[in-house]
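S.K.: Mind looking over this structure? Questions follow.
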Amino acid sequence: MNFPHSELAAQWITLLAAGMLVIQMLMVVQGMLLTNIRLFALQSLMLAAIAAIIAFFHNAPHVYWVAGLTIVGKVFFLPWLLNRQVRRMQIHQEIEPLFNSTASMVLCGAFTLLGYIVARPFTSLERLGNNTLGIAITLLLTGFFLMFNRRKAITQVLALLTVENGVMLAAVALTTYGMPLVVELGIFFDVMVAVMVLGILVYRIRETFASMDVNKLSQLKG
Amino acid sequence: MDVFSPELFLKIAFCAYGAGIVGSLLSLRHERAANLVGFASASLAALSGIGSALFALISGSAREAVAFELWPSSIPYVSLTLKLDPLSAFFVLIVSLLALALSVYSFGYVRGFYGRKNVAVLGAFYNALLLATTLVFTAANAFFFLIAWEIMALTAYCLISFEHEKAETRKAGVLYFIMSHIGTGCLILGFLLLFQVSGDYSFEGFRALGEKLSPARRDAAFLLFLFGFGVKAGIVPLHIWLPEAHPVAPSNVSALLSGVLIKTGIYGLTRVLFDFMGTPPNWWGVTVLTVGTVSALLGVLYALMEHDLKRLLAYHSIENIGIILMGLGASLMFLHTNHPVLATLALIAGLYHTINHAVFKSLLFLGAGAVLHATGTRNMEEMGGLIKRMPATAFCFLIGAVSISALPPLNGFVSEWLTYQSLLQGFGTTGSLVRLMFPLSGAMLALTGALAAACFVKAFGITFLAQPRSEEAAHAHEASPTMLLGMGLLTAACVFLGLFPTLFLKLLDPVTQQLTGQQIGTQLSLANRLALGNTQALGGTVSTLGIALMAVCLLPVPLVLWLFFGRRAQVRIGPTWDCGLRGLTPQMEYTATGFSKPIRMIFKALFRPHREVQREYDYSPYFAKTLRFESHIEEAFVTRLYRPLNRTILRLSRRMRALQAGSIQAYLIYIFITLLLLLIFAL
């Protein structure tokens, strides 16, 4: 940690992580699907930037791979895939969520608080700014919240992806060089496959029930 | 001579069982070939198993226990190691001995299935069951033991469900399946408890582990093992599957189930309690003794109420498991009070009864199988007079019945006598009130023995004596030669174990040496007599051989008396006295239900008999046109314990179903709330 620029790096990382949190909050209140996808792409770009900064300042070339994969996968490929899906289905707006936007904001504020409290004992372990782990846990919780707050399967896919972003952020926050590359690749492809399967499933749900509302799935129960 | 070793024989046995499975399946379409291949392999394997076990037991005290790996395994924690220590060898001897007799019997018995059922499948599963059981007895680590245990449970399920076209069979099979798996679940938990301390799955690592466990954990392990093995052994109140499952299987399999399979529970308990757990606390012994006493008494009482021959025998298995457990329980109590010699005596009683029960119960099931084969029914009320049509079967069945009723000089008497002796000696071993358990259970054992005798008077009398009650019984035929040979082998074993207990006790020496560190076989046997005097201040002596010889000597006495005094008496030959009625008909015979009525009335509180009589008449009730009589007893454990339990579980499950709303969001919320709670608890 004796790099001359490490202070600068920490500040950049804190800024970008805060940006990810802000975008997450925007996603929670945003109803338009296409905008949500764009927000997610932006958030992923920030994650990639954080990874790149770590790679640069801490001399860990393999983290560049993570950054590159994040850009290719989460900034371009998955948003493109979801975009196409949304356009094909002709559904652009989320119908009424479980909690309205005010209540959602309040709840997410509470989750942020919880995230920070939970992360507090570990702040000494963090080497990349003081807030990253707290933000990562908050992303996880709000991502989860997003998942059960919305009814459209597409939004749930998006929410899962933001949870994954949170996990990645936690990984780079807690350990200097991120997780071993193999583990990151594993998680990455896991999510990729999950999204594709869900994409196909969403299409099937739509064909069967003429809707994307996951509540209709309860009709399958015996 | 080193080429021949118990290990070699054991491997031959495994190979032969394997060949039996493969061979049967290869001849799937040729039932005669399947019969020959399947049961010939099993007989060969059984012979080899007997050789291996005897070899190990006779040379066992001198040599190290035989241990080897069946197959090198690459999976961590799983190693297929076997060990033939004296306890294993003793149980391998039981299973192999029975396998031999049963396989010989099966050649004839399964002919009854030709054209009706697939004999090859029966042969394959039969071999698989024997193989798995032998593996259970010899497995040297918990993992392998559980694998073999499960294979055994599943093949037994397949054999029980062999005649699956009958609804009764399917129901019994499912009940067995469920109970057996609840038991296995307990065993897995128990072994995991031990594993946590030993850090090793091998039985070697578990040895005398009890001292290292905390008391709470040790007691938890004891209860889990008692439950787990108790289900398999059929102790009350976990027995309900047994009288359903054993009768519906083909008779050769019933014999195997009652003879060997429930003994795996006894083996497991002996292994765990005596080998792993160290010196037991007092309440363990008291619990086992109580469970044994209750099982013995209730088993025989329910057996008395049965008129289905095979169900009756199945209930007797519960009774005998109870008697075995009385021996084991008493032994545990003696270990607690530090009386190793008495503990050994009680253990010997339990183990001796284990092999005795295996032999005579299989013999009785084979006899019942022959009767079933000949008459096509298991209902005793439709039998009768079979002694004239199947004399050899009747003789074998009678020997079995005398043995199980613990009448001297046959084998049941020997082991029950030993059990009595150890219980009677127990009163002086401790000053606490617990000592009252000994005379109490001794008295209960006496009652059990008497009731068992009554039950077999009924079973033998109704089945074989008097006139046939049905057309089928009237045209019954003697069993085929191989069936008779199979029964003959077991009959001989009954007589041998009864008349020469002293020879057999020597085989038990290495077993008791392993478990309690004592060898009293030689002290117990005194010139063909069982003598307690050498081991204890008090004690009795009995010689079954002497009793038998005396009986043989007394046999000519009536002849002599007749020669001296009877010659002058006039001999008349006439019809049986019929009270002046014109001819006796089967309808006038004593029925099984009628015979057991007094006992039903005495134990009314337990049985809660229900009786319904409907008669139709024209002008006077004394001249009934038709009469319908219905009588049944309440199966208290099913109606009082299992049905309420079932209902509660179902009610709870229905409530739990509300959780399963079928909505993804609901499921997500569950996960989220759990996550939140965990985070908050972690703070």
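Lettering and numbering for the structure tokens are positional, with chains as A, B, ... in the shown order, residues counted from 1 in each chain, and ligands counted from 1 in the shown order.
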Find the residues in chain B near chain A: any atom within 8 Å counts, using only C-alpha atoms. Write them as a ChimeraX atom specification.
M.R.: /B:661-666,668-669,672,679-680,683
S.K.: Each residue of segment 105-200 of chain B with at least one atom at most 10 Å from segment 363-370 of chain B should appear once, together with its nearest atom pair and the corresponding distance in Å (one decimal); atoms considered: only C-alpha atoms; ordering: chain, then increasing residue number; output as a tab-separated table.
M.R.:
```
residue	atom	partner	partner_atom	distance
B:Tyr105	CA	B:Leu366	CA	7.8
B:Ser106	CA	B:Leu366	CA	9.5
B:Gly108	CA	B:Ala370	CA	9.7
B:Tyr109	CA	B:Ala370	CA	7.6
```
S.K.: Write out the residues from the selection above, keeping N, CA and C atoms, as an mmCIF file, in the first residue's frame.
M.R.:
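Heads up, here's the output in result.cif:
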```
data_model
loop_
_atom_site.group_PDB
_atom_site.id
_atom_site.type_symbol
_atom_site.label_atom_id
_atom_site.label_comp_id
_atom_site.auth_asym_id
_atom_site.auth_seq_id
_atom_site.Cartn_x
_atom_site.Cartn_y
_atom_site.Cartn_z
ATOM 1 N N TYR B 105 -34.194 -75.440 0.491
ATOM 2 C CA TYR B 105 -35.660 -75.447 0.540
ATOM 3 C C TYR B 105 -36.239 -74.761 -0.687
ATOM 4 N N SER B 106 -35.575 -73.659 -1.115
ATOM 5 C CA SER B 106 -36.126 -72.851 -2.193
ATOM 6 C C SER B 106 -36.202 -73.601 -3.512
ATOM 7 N N GLY B 108 -37.288 -76.401 -4.172
ATOM 8 C CA GLY B 108 -38.633 -76.956 -4.309
ATOM 9 C C GLY B 108 -39.713 -75.894 -4.205
ATOM 10 N N TYR B 109 -39.497 -74.954 -3.301
ATOM 11 C CA TYR B 109 -40.572 -74.011 -2.995
ATOM 12 C C TYR B 109 -40.903 -73.102 -4.167
#
```
S.K.: Can you pull out every residue within 10 Å of Leu107 of chain A, counting only C-alpha atoms, but drop anything in the same chain fewer than 6 positions away, and send it as a list in words?
M.R.: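 The contact residues come out as Phe99, Ser101, Leu113, Thr142 and Phe145 of chain A.
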S.K.: Could you name the residues that touch segment 49-53 of chain B at 8 Å or less, counting only C-alpha atoms, but leaving out those on the same chain fewer than 4 positions away, as a ChimeraX atom specification?
M.R.: /B:5-10,13,45,57,89-90,92-93,96-97
S.K.: Can you pull out the residues contacting Thr70 of chain A? Cut-off 12 Å, using only C-alpha atoms, and skip same-chain residues under 2 positions away; I want them as JSON, numbers by chain.
M.R.: {"A": [40, 41, 42, 43, 44, 45, 46, 47, 48, 49, 50, 51, 52, 63, 64, 65, 66, 67, 68, 72, 73, 74, 75, 76, 77, 78, 79, 161, 164, 165, 168, 169, 184, 185, 187, 188, 189, 191, 192]}
S.K.: Mind giving me the straight-line distance from atom CA of Ser41 of chain B to atom CA of Phe144 of chain B in Å, one decimal?
M.R.: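 Taking atom CA of Ser41 of chain B as the start and atom CA of Phe144 of chain B as the end point, the length is 24.2 Å.
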S.K.: Write out as a ChimeraX atom specification each polymer residue whose atoms come within 10 Å of Phe68 of chain B, counting only C-alpha atoms; drop sequence neighbours fewer than 5 positions from it.
M.R.: /B:7,80-84,140
S.K.: Taking 3 positions as the minimum chain separation for residues in the same chain, which residues sit within 8 Å of segment 281-284 of chain B when counting only C-alpha atoms? Answer as a list in words.
M.R.: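 Selected residues are Phe222, Thr287, Val288, Gly329, Leu332, Met333 and His336 of chain B.
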S.K.: With distances taken over only C-alpha atoms, which residue among A:Ala10, A:Ile37, A:Cys108, A:Val172 lies nearest Leu81 of chain A?
M.R.: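 Smallest separation from Leu81 of chain A among the options: A:Ile37.
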S.K.: Interatomic distance between atom CA of Leu309 of chain B and atom CA of Asn379 of chain B?
M.R.: 6.2 Å
